[in-house]
file run-v9.cif (mmCIF, C-alpha atoms)
data_query
#
loop_
_atom_site.group_PDB
_atom_site.id
_atom_site.type_symbol
_atom_site.label_atom_id
_atom_site.label_comp_id
_atom_site.auth_asym_id
_atom_site.auth_seq_id
_atom_site.Cartn_x
_atom_site.Cartn_y
_atom_site.Cartn_z
ATOM 1 C CA MET A 1 -54.463 67.572 -19.477
ATOM 2 C CA GLY A 2 -52.833 70.865 -20.020
ATOM 3 C CA ILE A 3 -49.122 71.326 -19.917
ATOM 4 C CA VAL A 4 -49.111 74.753 -18.375
ATOM 5 C CA GLY A 5 -46.047 76.625 -17.208
ATOM 6 C CA ARG A 6 -42.596 77.402 -18.398
ATOM 7 C CA LEU A 7 -39.368 75.467 -18.218
ATOM 8 C CA SER A 8 -36.098 77.054 -17.191
ATOM 9 C CA SER A 9 -34.972 79.722 -19.624
ATOM 10 C CA LYS A 10 -31.770 77.784 -20.402
ATOM 11 C CA VAL A 11 -33.704 74.818 -21.754
ATOM 12 C CA VAL A 12 -34.022 74.701 -25.534
ATOM 13 C CA GLY A 13 -36.533 72.276 -27.055
ATOM 14 C CA SER A 14 -39.970 71.720 -28.461
ATOM 15 C CA CYS A 15 -43.115 70.682 -26.648
ATOM 16 C CA SER A 16 -46.322 68.954 -27.726
ATOM 17 C CA ARG A 17 -49.399 68.235 -25.683
ATOM 18 C CA ASN A 18 -48.929 64.547 -24.972
ATOM 19 C CA SER A 19 -45.182 64.172 -25.077
ATOM 20 C CA TYR A 20 -42.221 66.449 -25.279
ATOM 21 C CA SER A 21 -38.502 66.497 -24.677
ATOM 22 C CA CYS A 22 -36.448 69.600 -23.980
ATOM 23 C CA PHE A 23 -32.674 69.599 -24.112
ATOM 24 C CA ASN A 24 -29.890 72.109 -23.807
ATOM 25 C CA LYS A 25 -28.144 72.309 -27.148
ATOM 26 C CA SER A 26 -24.894 72.842 -25.284
ATOM 27 C CA VAL A 27 -24.472 72.561 -21.550
ATOM 28 C CA ASP A 28 -22.905 75.678 -20.079
ATOM 29 C CA SER A 29 -19.373 75.155 -18.766
ATOM 30 C CA SER A 30 -20.533 76.450 -15.382
ATOM 31 C CA PHE A 31 -22.573 73.256 -15.006
ATOM 32 C CA SER A 32 -19.365 71.249 -14.601
ATOM 33 C CA SER A 33 -19.266 72.160 -10.921
ATOM 34 C CA LEU A 34 -22.909 71.243 -10.390
ATOM 35 C CA THR A 35 -24.521 67.911 -9.552
ATOM 36 C CA HIS A 36 -26.969 65.982 -11.717
ATOM 37 C CA GLY A 37 -30.370 64.965 -10.383
ATOM 38 C CA ILE A 38 -33.332 63.027 -11.794
ATOM 39 C CA HIS A 39 -36.968 63.323 -10.777
ATOM 40 C CA VAL A 40 -39.908 61.234 -11.978
ATOM 41 C CA PHE A 41 -43.505 62.104 -11.266
ATOM 42 C CA GLN A 42 -46.864 60.430 -11.747
ATOM 43 C CA CYS A 43 -50.048 62.072 -10.588
ATOM 44 C CA PRO A 44 -53.620 62.867 -11.646
ATOM 45 C CA ASP A 45 -53.598 65.373 -14.472
ATOM 46 C CA ALA A 46 -54.076 68.992 -13.470
ATOM 47 C CA VAL A 47 -53.309 72.511 -14.624
ATOM 48 C CA GLY A 48 -49.908 73.881 -13.589
ATOM 49 C CA ILE A 49 -47.909 70.705 -12.857
ATOM 50 C CA VAL A 50 -45.016 71.612 -15.151
ATOM 51 C CA ALA A 51 -44.920 75.150 -13.745
ATOM 52 C CA LYS A 52 -44.741 73.869 -10.167
ATOM 53 C CA LEU A 53 -42.075 71.299 -11.056
ATOM 54 C CA SER A 54 -39.990 73.980 -12.715
ATOM 55 C CA ASP A 55 -40.441 76.404 -9.825
ATOM 56 C CA CYS A 56 -39.519 73.699 -7.300
ATOM 57 C CA ILE A 57 -36.149 73.300 -9.006
ATOM 58 C CA ALA A 58 -35.564 76.945 -9.957
ATOM 59 C CA THR A 59 -36.293 78.415 -6.521
ATOM 60 C CA ARG A 60 -33.430 76.313 -5.114
ATOM 61 C CA GLY A 61 -31.048 77.513 -7.825
ATOM 62 C CA GLY A 62 -31.365 74.380 -9.943
ATOM 63 C CA ASN A 63 -31.609 74.295 -13.720
ATOM 64 C CA ILE A 64 -33.574 71.857 -15.886
ATOM 65 C CA ILE A 65 -31.456 70.390 -18.688
ATOM 66 C CA ALA A 66 -33.923 67.815 -20.057
ATOM 67 C CA ALA A 67 -37.582 67.033 -19.523
ATOM 68 C CA ASP A 68 -40.135 64.549 -20.827
ATOM 69 C CA VAL A 69 -43.862 64.567 -20.251
ATOM 70 C CA PHE A 70 -46.474 61.991 -21.263
ATOM 71 C CA VAL A 71 -50.216 62.410 -20.864
ATOM 72 C CA PRO A 72 -52.132 59.421 -22.273
ATOM 73 C CA HIS A 73 -55.305 60.289 -24.135
ATOM 74 C CA LYS A 74 -58.405 60.386 -21.932
ATOM 75 C CA LYS A 75 -56.623 58.760 -18.962
ATOM 76 C CA HIS A 76 -56.389 61.859 -16.746
ATOM 77 C CA VAL A 77 -52.895 60.977 -15.572
ATOM 78 C CA PHE A 78 -49.619 62.881 -15.864
ATOM 79 C CA TYR A 79 -46.125 61.353 -16.205
ATOM 80 C CA SER A 80 -42.849 63.237 -16.243
ATOM 81 C CA ARG A 81 -39.108 62.682 -16.016
ATOM 82 C CA THR A 82 -36.826 65.640 -15.411
ATOM 83 C CA ASP A 83 -33.030 65.930 -15.526
ATOM 84 C CA PHE A 84 -31.634 68.900 -13.660
ATOM 85 C CA VAL A 85 -28.392 70.239 -12.227
ATOM 86 C CA PHE A 86 -27.992 71.918 -8.865
ATOM 87 C CA ASP A 87 -25.518 73.041 -6.217
ATOM 88 C CA PRO A 88 -25.671 70.635 -3.226
ATOM 89 C CA VAL A 89 -24.573 73.460 -0.931
ATOM 90 C CA LYS A 90 -27.576 75.585 -1.925
ATOM 91 C CA TRP A 91 -29.957 72.632 -2.148
ATOM 92 C CA PRO A 92 -29.027 69.950 0.410
ATOM 93 C CA ARG A 93 -30.150 66.429 -0.371
ATOM 94 C CA LEU A 94 -32.587 66.173 2.554
ATOM 95 C CA GLN A 95 -34.169 69.504 1.644
ATOM 96 C CA MET A 96 -34.589 68.263 -1.920
ATOM 97 C CA ASP A 97 -36.508 65.223 -0.677
ATOM 98 C CA GLN A 98 -38.776 67.461 1.380
ATOM 99 C CA ASP A 99 -39.405 69.854 -1.509
ATOM 100 C CA PHE A 100 -40.432 67.090 -3.874
ATOM 101 C CA LEU A 101 -42.521 65.500 -1.123
ATOM 102 C CA ASN A 102 -44.415 68.748 -0.704
ATOM 103 C CA LEU A 103 -44.982 68.810 -4.462
ATOM 104 C CA SER A 104 -46.296 65.242 -4.447
ATOM 105 C CA ILE A 105 -48.735 66.113 -1.672
ATOM 106 C CA THR A 106 -49.950 69.149 -3.612
ATOM 107 C CA PHE A 107 -50.812 67.035 -6.656
ATOM 108 C CA ASN A 108 -51.780 63.826 -4.819
ATOM 109 C CA ALA A 109 -49.012 61.969 -6.662
ATOM 110 C CA MET A 110 -48.987 58.206 -7.033
ATOM 111 C CA ARG A 111 -45.228 58.280 -7.624
ATOM 112 C CA SER A 112 -42.550 60.875 -6.944
ATOM 113 C CA VAL A 113 -38.945 59.686 -6.945
ATOM 114 C CA VAL A 114 -35.810 61.795 -6.923
ATOM 115 C CA ARG A 115 -32.338 60.395 -7.456
ATOM 116 C CA VAL A 116 -28.910 62.014 -7.354
ATOM 117 C CA PRO A 117 -26.529 59.443 -8.881
ATOM 118 C CA ALA A 118 -23.378 61.069 -7.508
ATOM 119 C CA LEU A 119 -24.705 61.134 -3.938
ATOM 120 C CA ASP A 120 -27.175 58.263 -3.628
ATOM 121 C CA PRO A 121 -26.182 54.600 -3.212
ATOM 122 C CA LYS A 122 -26.229 52.579 -6.419
ATOM 123 C CA TYR A 123 -28.983 50.029 -6.855
ATOM 124 C CA LYS A 124 -27.962 46.717 -5.336
ATOM 125 C CA ILE A 125 -28.754 43.806 -7.628
ATOM 126 C CA ALA A 126 -28.344 40.045 -7.583
ATOM 127 C CA VAL A 127 -27.963 38.217 -10.879
ATOM 128 C CA LEU A 128 -29.547 34.789 -11.377
ATOM 129 C CA ALA A 129 -28.302 32.628 -14.228
ATOM 130 C CA SER A 130 -28.432 29.097 -15.567
ATOM 131 C CA LYS A 131 -26.304 27.063 -17.957
ATOM 132 C CA GLN A 132 -26.082 29.648 -20.754
ATOM 133 C CA ASN A 133 -24.009 32.520 -19.403
ATOM 134 C CA HIS A 134 -23.816 35.069 -22.236
ATOM 135 C CA CYS A 135 -26.200 37.485 -20.489
ATOM 136 C CA LEU A 136 -24.420 36.993 -17.164
ATOM 137 C CA VAL A 137 -21.022 37.705 -18.749
ATOM 138 C CA ASP A 138 -22.340 40.796 -20.523
ATOM 139 C CA THR A 139 -23.889 42.108 -17.292
ATOM 140 C CA LEU A 140 -20.621 41.597 -15.403
ATOM 141 C CA HIS A 141 -18.633 43.397 -18.103
ATOM 142 C CA GLY A 142 -21.195 46.219 -18.212
ATOM 143 C CA TRP A 143 -20.789 46.646 -14.461
ATOM 144 C CA GLN A 144 -16.985 46.539 -14.709
ATOM 145 C CA ASP A 145 -16.948 49.150 -17.483
ATOM 146 C CA GLY A 146 -19.253 51.466 -15.556
ATOM 147 C CA LYS A 147 -22.030 51.172 -18.131
ATOM 148 C CA LEU A 148 -24.427 49.714 -15.561
ATOM 149 C CA PRO A 149 -24.792 51.959 -12.485
ATOM 150 C CA VAL A 150 -25.313 49.108 -10.019
ATOM 151 C CA ASP A 151 -23.578 47.167 -7.270
ATOM 152 C CA ILE A 152 -23.713 43.405 -7.814
ATOM 153 C CA THR A 153 -24.194 41.740 -4.438
ATOM 154 C CA CYS A 154 -23.986 38.150 -5.681
ATOM 155 C CA VAL A 155 -24.420 35.755 -8.579
ATOM 156 C CA ILE A 156 -26.664 32.729 -8.156
ATOM 157 C CA SER A 157 -26.847 29.847 -10.622
ATOM 158 C CA ASN A 158 -28.712 26.568 -10.670
ATOM 159 C CA HIS A 159 -25.951 25.145 -12.903
ATOM 160 C CA ASP A 160 -22.355 25.153 -11.747
ATOM 161 C CA ILE A 161 -20.321 27.596 -13.812
ATOM 162 C CA ASP A 162 -17.899 25.899 -16.189
ATOM 163 C CA SER A 163 -14.358 26.233 -14.842
ATOM 164 C CA LYS A 164 -13.103 26.651 -18.426
ATOM 165 C CA THR A 165 -14.798 30.027 -18.692
ATOM 166 C CA ASN A 166 -13.501 33.305 -17.302
ATOM 167 C CA VAL A 167 -16.562 33.850 -15.129
ATOM 168 C CA MET A 168 -15.254 32.370 -11.878
ATOM 169 C CA PRO A 169 -11.874 34.191 -12.028
ATOM 170 C CA PHE A 170 -13.785 37.419 -12.738
ATOM 171 C CA LEU A 171 -16.074 36.942 -9.716
ATOM 172 C CA GLU A 172 -13.177 36.051 -7.446
ATOM 173 C CA ARG A 173 -11.053 38.951 -8.665
ATOM 174 C CA HIS A 174 -13.839 41.444 -7.961
ATOM 175 C CA GLY A 175 -15.039 39.864 -4.730
ATOM 176 C CA ILE A 176 -18.530 39.063 -5.998
ATOM 177 C CA PRO A 177 -20.010 36.126 -4.040
ATOM 178 C CA TYR A 178 -21.118 33.142 -6.120
ATOM 179 C CA HIS A 179 -23.694 30.591 -5.042
ATOM 180 C CA HIS A 180 -24.437 27.353 -6.874
ATOM 181 C CA LEU A 181 -27.936 26.186 -5.929
ATOM 182 C CA SER A 182 -28.902 23.216 -8.058
ATOM 183 C CA THR A 183 -32.651 22.865 -8.494
ATOM 184 C CA THR A 184 -35.090 20.044 -9.123
ATOM 185 C CA ALA A 185 -38.719 19.976 -10.154
ATOM 186 C CA ASP A 186 -39.651 19.554 -6.492
ATOM 187 C CA ASN A 187 -37.164 21.962 -4.963
ATOM 188 C CA LYS A 188 -36.453 25.315 -6.596
ATOM 189 C CA ARG A 189 -34.338 26.451 -3.588
ATOM 190 C CA GLU A 190 -36.412 29.602 -3.366
ATOM 191 C CA GLY A 191 -36.050 29.965 0.394
ATOM 192 C CA GLU A 192 -32.270 29.967 0.103
ATOM 193 C CA ILE A 193 -32.376 32.423 -2.780
ATOM 194 C CA LEU A 194 -34.561 34.774 -0.747
ATOM 195 C CA GLU A 195 -32.045 34.750 2.100
ATOM 196 C CA LEU A 196 -29.253 35.678 -0.316
ATOM 197 C CA VAL A 197 -31.133 38.518 -2.019
ATOM 198 C CA GLN A 198 -33.087 40.065 0.841
ATOM 199 C CA ASP A 199 -30.937 43.218 0.893
ATOM 200 C CA THR A 200 -31.087 43.866 -2.865
ATOM 201 C CA ASP A 201 -33.119 46.510 -4.666
ATOM 202 C CA LEU A 202 -33.619 44.519 -7.864
ATOM 203 C CA LEU A 203 -33.196 40.986 -9.201
ATOM 204 C CA VAL A 204 -31.916 40.378 -12.726
ATOM 205 C CA LEU A 205 -32.705 37.053 -14.381
ATOM 206 C CA ALA A 206 -29.874 36.667 -16.897
ATOM 207 C CA ARG A 207 -31.366 33.684 -18.709
ATOM 208 C CA TYR A 208 -32.339 32.014 -15.433
ATOM 209 C CA MET A 209 -34.341 29.078 -16.683
ATOM 210 C CA GLN A 210 -36.552 28.562 -13.642
ATOM 211 C CA VAL A 211 -40.049 29.921 -13.102
ATOM 212 C CA LEU A 212 -40.264 31.815 -9.823
ATOM 213 C CA SER A 213 -43.332 30.993 -7.780
ATOM 214 C CA SER A 214 -46.011 33.484 -6.778
ATOM 215 C CA ASP A 215 -44.931 32.914 -3.168
ATOM 216 C CA PHE A 216 -41.372 33.962 -4.043
ATOM 217 C CA LEU A 217 -42.598 37.078 -5.854
ATOM 218 C CA ARG A 218 -44.776 38.044 -2.900
ATOM 219 C CA ARG A 219 -42.056 37.481 -0.306
ATOM 220 C CA TYR A 220 -39.362 39.285 -2.282
ATOM 221 C CA GLY A 221 -41.715 42.183 -2.949
ATOM 222 C CA LYS A 222 -39.418 44.174 -5.246
ATOM 223 C CA ASP A 223 -38.887 44.402 -8.975
ATOM 224 C CA ILE A 224 -37.435 41.542 -10.996
ATOM 225 C CA ILE A 225 -36.267 41.989 -14.593
ATOM 226 C CA ASN A 226 -36.159 39.034 -16.965
ATOM 227 C CA ILE A 227 -34.747 38.640 -20.465
ATOM 228 C CA HIS A 228 -36.808 36.502 -22.818
ATOM 229 C CA HIS A 229 -35.136 35.250 -25.968
ATOM 230 C CA GLY A 230 -38.146 35.940 -28.113
ATOM 231 C CA LEU A 231 -40.313 38.825 -29.251
ATOM 232 C CA LEU A 232 -43.175 38.635 -26.764
ATOM 233 C CA PRO A 233 -46.049 38.003 -26.804
ATOM 234 C CA SER A 234 -45.036 35.489 -29.488
ATOM 235 C CA PHE A 235 -43.069 32.363 -28.616
ATOM 236 C CA LYS A 236 -43.600 32.277 -24.879
ATOM 237 C CA GLY A 237 -42.131 29.542 -22.697
ATOM 238 C CA GLY A 238 -39.196 27.298 -23.491
ATOM 239 C CA HIS A 239 -37.010 27.263 -26.622
ATOM 240 C CA PRO A 240 -38.483 30.394 -28.215
ATOM 241 C CA ALA A 241 -35.559 30.685 -30.660
ATOM 242 C CA LYS A 242 -36.302 27.217 -32.010
ATOM 243 C CA GLN A 243 -40.016 28.028 -32.052
ATOM 244 C CA ALA A 244 -39.291 31.126 -34.136
ATOM 245 C CA PHE A 245 -36.855 29.255 -36.395
ATOM 246 C CA ASP A 246 -39.375 26.491 -37.029
ATOM 247 C CA ALA A 247 -42.037 29.112 -37.789
ATOM 248 C CA GLY A 248 -39.798 30.672 -40.450
ATOM 249 C CA VAL A 249 -39.969 34.201 -39.060
ATOM 250 C CA LYS A 250 -38.144 37.035 -40.829
ATOM 251 C CA LEU A 251 -37.656 39.121 -37.677
ATOM 252 C CA ILE A 252 -36.228 37.788 -34.435
ATOM 253 C CA GLY A 253 -36.279 39.631 -31.166
ATOM 254 C CA ALA A 254 -35.522 39.788 -27.481
ATOM 255 C CA THR A 255 -37.742 41.163 -24.735
ATOM 256 C CA SER A 256 -36.857 42.518 -21.293
ATOM 257 C CA HIS A 257 -39.833 42.591 -18.974
ATOM 258 C CA PHE A 258 -40.828 42.663 -15.337
ATOM 259 C CA VAL A 259 -41.568 39.300 -13.775
ATOM 260 C CA THR A 260 -45.140 38.641 -12.707
ATOM 261 C CA GLU A 261 -47.111 35.517 -11.899
ATOM 262 C CA GLY A 262 -48.040 35.003 -15.545
ATOM 263 C CA LEU A 263 -45.371 33.203 -17.577
ATOM 264 C CA ASP A 264 -43.505 35.772 -19.700
ATOM 265 C CA ALA A 265 -46.479 38.101 -19.263
ATOM 266 C CA GLY A 266 -45.059 40.978 -17.221
ATOM 267 C CA PRO A 267 -44.902 44.618 -18.378
ATOM 268 C CA ILE A 268 -42.415 45.045 -21.215
ATOM 269 C CA ILE A 269 -39.451 47.371 -20.641
ATOM 270 C CA GLU A 270 -37.448 46.963 -23.846
ATOM 271 C CA GLN A 271 -37.599 45.023 -27.109
ATOM 272 C CA MET A 272 -35.047 44.686 -29.884
ATOM 273 C CA VAL A 273 -35.310 43.058 -33.296
ATOM 274 C CA GLU A 274 -33.064 41.918 -36.130
ATOM 275 C CA ARG A 275 -33.893 40.672 -39.590
ATOM 276 C CA VAL A 276 -33.118 37.065 -40.508
ATOM 277 C CA SER A 277 -33.542 35.170 -43.754
ATOM 278 C CA HIS A 278 -34.089 31.701 -45.137
ATOM 279 C CA ARG A 279 -30.297 31.330 -45.292
ATOM 280 C CA GLU A 280 -30.015 31.091 -41.517
ATOM 281 C CA ASN A 281 -29.443 27.784 -39.815
ATOM 282 C CA LEU A 282 -30.456 27.196 -36.214
ATOM 283 C CA GLN A 283 -26.942 27.964 -34.959
ATOM 284 C CA SER A 284 -26.661 31.365 -36.673
ATOM 285 C CA PHE A 285 -30.248 32.069 -35.706
ATOM 286 C CA VAL A 286 -29.488 31.453 -32.018
ATOM 287 C CA GLN A 287 -26.265 33.496 -32.179
ATOM 288 C CA LYS A 288 -28.132 36.539 -33.459
ATOM 289 C CA SER A 289 -30.762 35.991 -30.806
ATOM 290 C CA GLU A 290 -28.159 35.859 -28.029
ATOM 291 C CA ASN A 291 -26.595 39.128 -29.188
ATOM 292 C CA LEU A 292 -30.000 40.784 -29.020
ATOM 293 C CA GLU A 293 -30.619 39.365 -25.551
ATOM 294 C CA LYS A 294 -27.433 40.895 -24.169
ATOM 295 C CA GLN A 295 -28.188 44.336 -25.602
ATOM 296 C CA CYS A 296 -31.828 44.250 -24.567
ATOM 297 C CA LEU A 297 -31.162 43.219 -20.964
ATOM 298 C CA SER A 298 -28.381 45.762 -20.554
ATOM 299 C CA LYS A 299 -30.570 48.576 -21.832
ATOM 300 C CA ALA A 300 -33.442 47.546 -19.559
ATOM 301 C CA ILE A 301 -31.185 47.609 -16.482
ATOM 302 C CA ARG A 302 -29.819 51.035 -17.412
ATOM 303 C CA SER A 303 -33.288 52.413 -18.067
ATOM 304 C CA TYR A 304 -34.494 51.132 -14.706
ATOM 305 C CA CYS A 305 -31.561 52.625 -12.805
ATOM 306 C CA GLU A 306 -31.940 55.959 -14.597
ATOM 307 C CA LEU A 307 -35.619 56.144 -13.582
ATOM 308 C CA ARG A 308 -36.802 55.891 -17.169
ATOM 309 C CA VAL A 309 -39.417 53.174 -16.535
ATOM 310 C CA LEU A 310 -42.815 53.919 -15.025
ATOM 311 C CA PRO A 311 -45.870 51.656 -14.693
ATOM 312 C CA PHE A 312 -48.733 52.414 -17.050
ATOM 313 C CA GLU A 313 -52.215 50.918 -16.738
ATOM 314 C CA GLU A 314 -52.316 47.288 -15.607
ATOM 315 C CA ASN A 315 -49.610 45.694 -17.720
ATOM 316 C CA LYS A 316 -47.753 48.389 -19.620
ATOM 317 C CA THR A 317 -44.869 50.766 -19.050
ATOM 318 C CA VAL A 318 -43.928 54.305 -19.924
ATOM 319 C CA VAL A 319 -40.237 54.344 -20.883
ATOM 320 C CA PHE A 320 -38.718 57.803 -21.238
#
call {"tool": "encode", "arguments": {"input": "run-v9.cif", "output": "structure tokens"}}
result
Amino acid sequence: MGIVGRLSSKVVGSCSRNSYSCFNKSVDSSFSSLTHGIHVFQCPDAVGIVAKLSDCIATRGGNIIAADVFVPHKKHVFYSRTDFVFDPVKWPRLQMDQDFLNLSITFNAMRSVVRVPALDPKYKIAVLASKQNHCLVDTLHGWQDGKLPVDITCVISNHDIDSKTNVMPFLERHGIPYHHLSTTADNKREGEILELVQDTDLLVLARYMQVLSSDFLRRYGKDIINIHHGLLPSFKGGHPAKQAFDAGVKLIGATSHFVTEGLDAGPIIEQMVERVSHRENLQSFVQKSENLEKQCLSKAIRSYCELRVLPFEENKTVVF
């Protein structure tokens, strides 16, 4: 693949063949009146893709402020993520969609997505949780603080939330519907869950300790992000923290990944690690693990909403 073409003259950065990132060292004050857009692109590799992307934005008066390109070795496929600013009066949102559609047709793109955070609806998510609620609480606080650019449509748990916690008052105060659907080995309540989440864009499993069936995955048909309290592919399944503790590991981790039919086998979005020692007991070990889980899940949700995650090969991701 050749990266042929120029970026906007206001972009300052360095470029290499397989991956590059270009950033303005200081954003011009005139940009304050402009609107931020994001475009991601995946297509067969060809000469001139970067030039056409740049021209698409520049001819409408837009300006690229950051860009990343990845071209895997000998795969003949091109990935890019571009941040740009533009004037919505000069480049109306519908025209933008049409322009990028024309570009995707030109290069026979497998994926071309444009998002304008200030104008487009936020991703609607439902959060599924179980007895341990640290990831649920962190997700709710991230949403409240504006760190997660989502709208939470509901919270579903197969364990009733402890009234001694602040979770229920938080949900009631913010008008977030809560549904307690207790499960058994014979009844996972998947039909009821599907009814509650049918209008969402994404499901987040915040330590939801139930395995979703292949039928559920097929019927839902959209992305599901899970947090696994272990550094996959090691310590799959239940009690991975105890598995790791018993194995005497020196690094613990957390893994955010997409849910697929294989148990804890979906494409990995984010992983985080922390060093532990022989001085740890199981309680301190688990506490460190839970802190990693919260950070890892939050980052995965943000990356997804910011269009930083693209599928790569059968079971991998490109994360810009």
call {"tool": "closest_residue", "arguments": {"input": "run-v9.cif", "among": "A:Asp87, A:Glu314, A:Asp246, A:Asp215", "to": "A:Gly191", "atoms": "only C-alpha atoms"}}
result
A:Asp215
call {"tool": "residues_around", "arguments": {"input": "run-v9.cif", "residues": "A:Cys305", "least_positions_apart": "5", "cutoff": "8 Å", "atoms": "all atoms listed in the file", "output": "list in words"}}
result
Tyr123, Pro149 and Val150 of chain A
call {"tool": "closest_residue", "arguments": {"input": "run-v9.cif", "among": "A:Phe84, A:Tyr304, A:Phe312, A:Phe41", "to": "A:Ile65", "atoms": "all atoms listed in the file"}}
result
A:Phe84
call {"tool": "atom_distance", "arguments": {"input": "run-v9.cif", "atom1": "atom CA of A:Glu274", "atom2": "atom CA of A:Val167"}}
result
27.9 Å
call {"tool": "resolve_selection", "arguments": {"input": "run-v9.cif", "expression": "the PyMOL selection byres ((chain A and resi 74-79) around 6)", "output": "ChimeraX atom specification"}}
result
/A:41-45,69-73,80
call {"tool": "residues_around", "arguments": {"input": "run-v9.cif", "residues": "stretch 136-146 of chain A", "least_positions_apart": "2", "cutoff": "8 Å", "atoms": "only C-alpha atoms", "output": "ChimeraX atom specification"}}
result
/A:127,129,133-134,148-152,167,206-207,294,298
call {"tool": "residues_around", "arguments": {"input": "run-v9.cif", "residues": "A:Ser284", "least_positions_apart": "6", "cutoff": "12 Å", "atoms": "all atoms listed in the file", "output": "list in words"}}
result
Ala241, Lys242, Phe245, Ile252, Val276, Ser277, His278, Glu290 and Asn291 of chain A
call {"tool": "atom_distance", "arguments": {"input": "run-v9.cif", "atom1": "atom CA of A:His239", "atom2": "atom CA of A:Glu270"}}
result
19.9 Å
call {"tool": "residues_around", "arguments": {"input": "run-v9.cif", "residues": "A:Ala300", "least_positions_apart": "5", "cutoff": "8 Å", "atoms": "all atoms listed in the file", "output": "PDB file with C-alpha atoms, in the frame of the given file"}}
result
ATOM      1  CA  ILE A 225     -36.267  41.989 -14.593  1.00  0.00           C
ATOM      2  CA  SER A 256     -36.857  42.518 -21.293  1.00  0.00           C
ATOM      3  CA  ILE A 269     -39.451  47.371 -20.641  1.00  0.00           C
ATOM      4  CA  GLU A 270     -37.448  46.963 -23.846  1.00  0.00           C
TER       5      GLU A 270
END
call {"tool": "resolve_selection", "arguments": {"input": "run-v9.cif", "expression": "the PyMOL selection byres ((chain A and resi 119) around 10)", "output": "PyMOL selection string"}}
result
chain A and resi 35-37+88+93+115-118+120-122
call {"tool": "atom_distance", "arguments": {"input": "run-v9.cif", "atom1": "atom CA of A:Asp264", "atom2": "atom CA of A:Ser234"}}
result
9.9 Å
call {"tool": "closest_residue", "arguments": {"input": "run-v9.cif", "among": "A:Val259, A:Val47, A:Lys299, A:Ser54", "to": "A:Ser213", "atoms": "all atoms listed in the file"}}
result
A:Val259
call {"tool": "closest_residue", "arguments": {"input": "run-v9.cif", "among": "A:Ile193, A:Leu263, A:Leu282, A:Leu217", "to": "A:Leu181", "atoms": "all atoms listed in the file"}}
result
A:Ile193
call {"tool": "decode", "arguments": {"input": "run-v9.cif", "residues": "stretch 45-49 of chain A", "atoms": "all heavy atoms", "output": "tab-separated table (two decimals), in the first residue's frame"}}
result
chain	number	residue	atom	x	y	z
A	45	ASP	N	-6.56	-1.67	-0.22
A	45	ASP	CA	-5.48	-0.71	-0.39
A	45	ASP	C	-5.38	-0.25	-1.85
A	45	ASP	O	-5.59	-1.04	-2.78
A	45	ASP	CB	-4.17	-1.36	0.05
A	45	ASP	CG	-3.02	-0.38	0.07
A	45	ASP	OD1	-3.31	0.83	0.19
A	45	ASP	OD2	-1.87	-0.81	-0.02
A	46	ALA	N	-5.08	1.02	-2.02
A	46	ALA	CA	-4.95	1.58	-3.36
A	46	ALA	C	-4.14	2.86	-3.28
A	46	ALA	O	-3.99	3.45	-2.22
A	46	ALA	CB	-6.32	1.85	-3.98
A	47	VAL	N	-3.63	3.30	-4.41
A	47	VAL	CA	-2.90	4.56	-4.48
A	47	VAL	C	-3.89	5.72	-4.41
A	47	VAL	O	-4.94	5.71	-5.06
A	47	VAL	CB	-2.09	4.64	-5.79
A	47	VAL	CG1	-1.49	6.03	-5.97
A	47	VAL	CG2	-1.00	3.58	-5.79
A	48	GLY	N	-3.57	6.73	-3.58
A	48	GLY	CA	-4.34	7.97	-3.59
A	48	GLY	C	-5.46	8.08	-2.58
A	48	GLY	O	-6.22	9.05	-2.61
A	49	ILE	N	-5.59	7.11	-1.65
A	49	ILE	CA	-6.70	7.16	-0.69
A	49	ILE	C	-6.58	8.38	0.21
A	49	ILE	O	-7.55	9.12	0.42
A	49	ILE	CB	-6.75	5.86	0.15
A	49	ILE	CG1	-6.94	4.64	-0.75
A	49	ILE	CG2	-7.90	5.94	1.16
A	49	ILE	CD1	-6.83	3.32	0.00
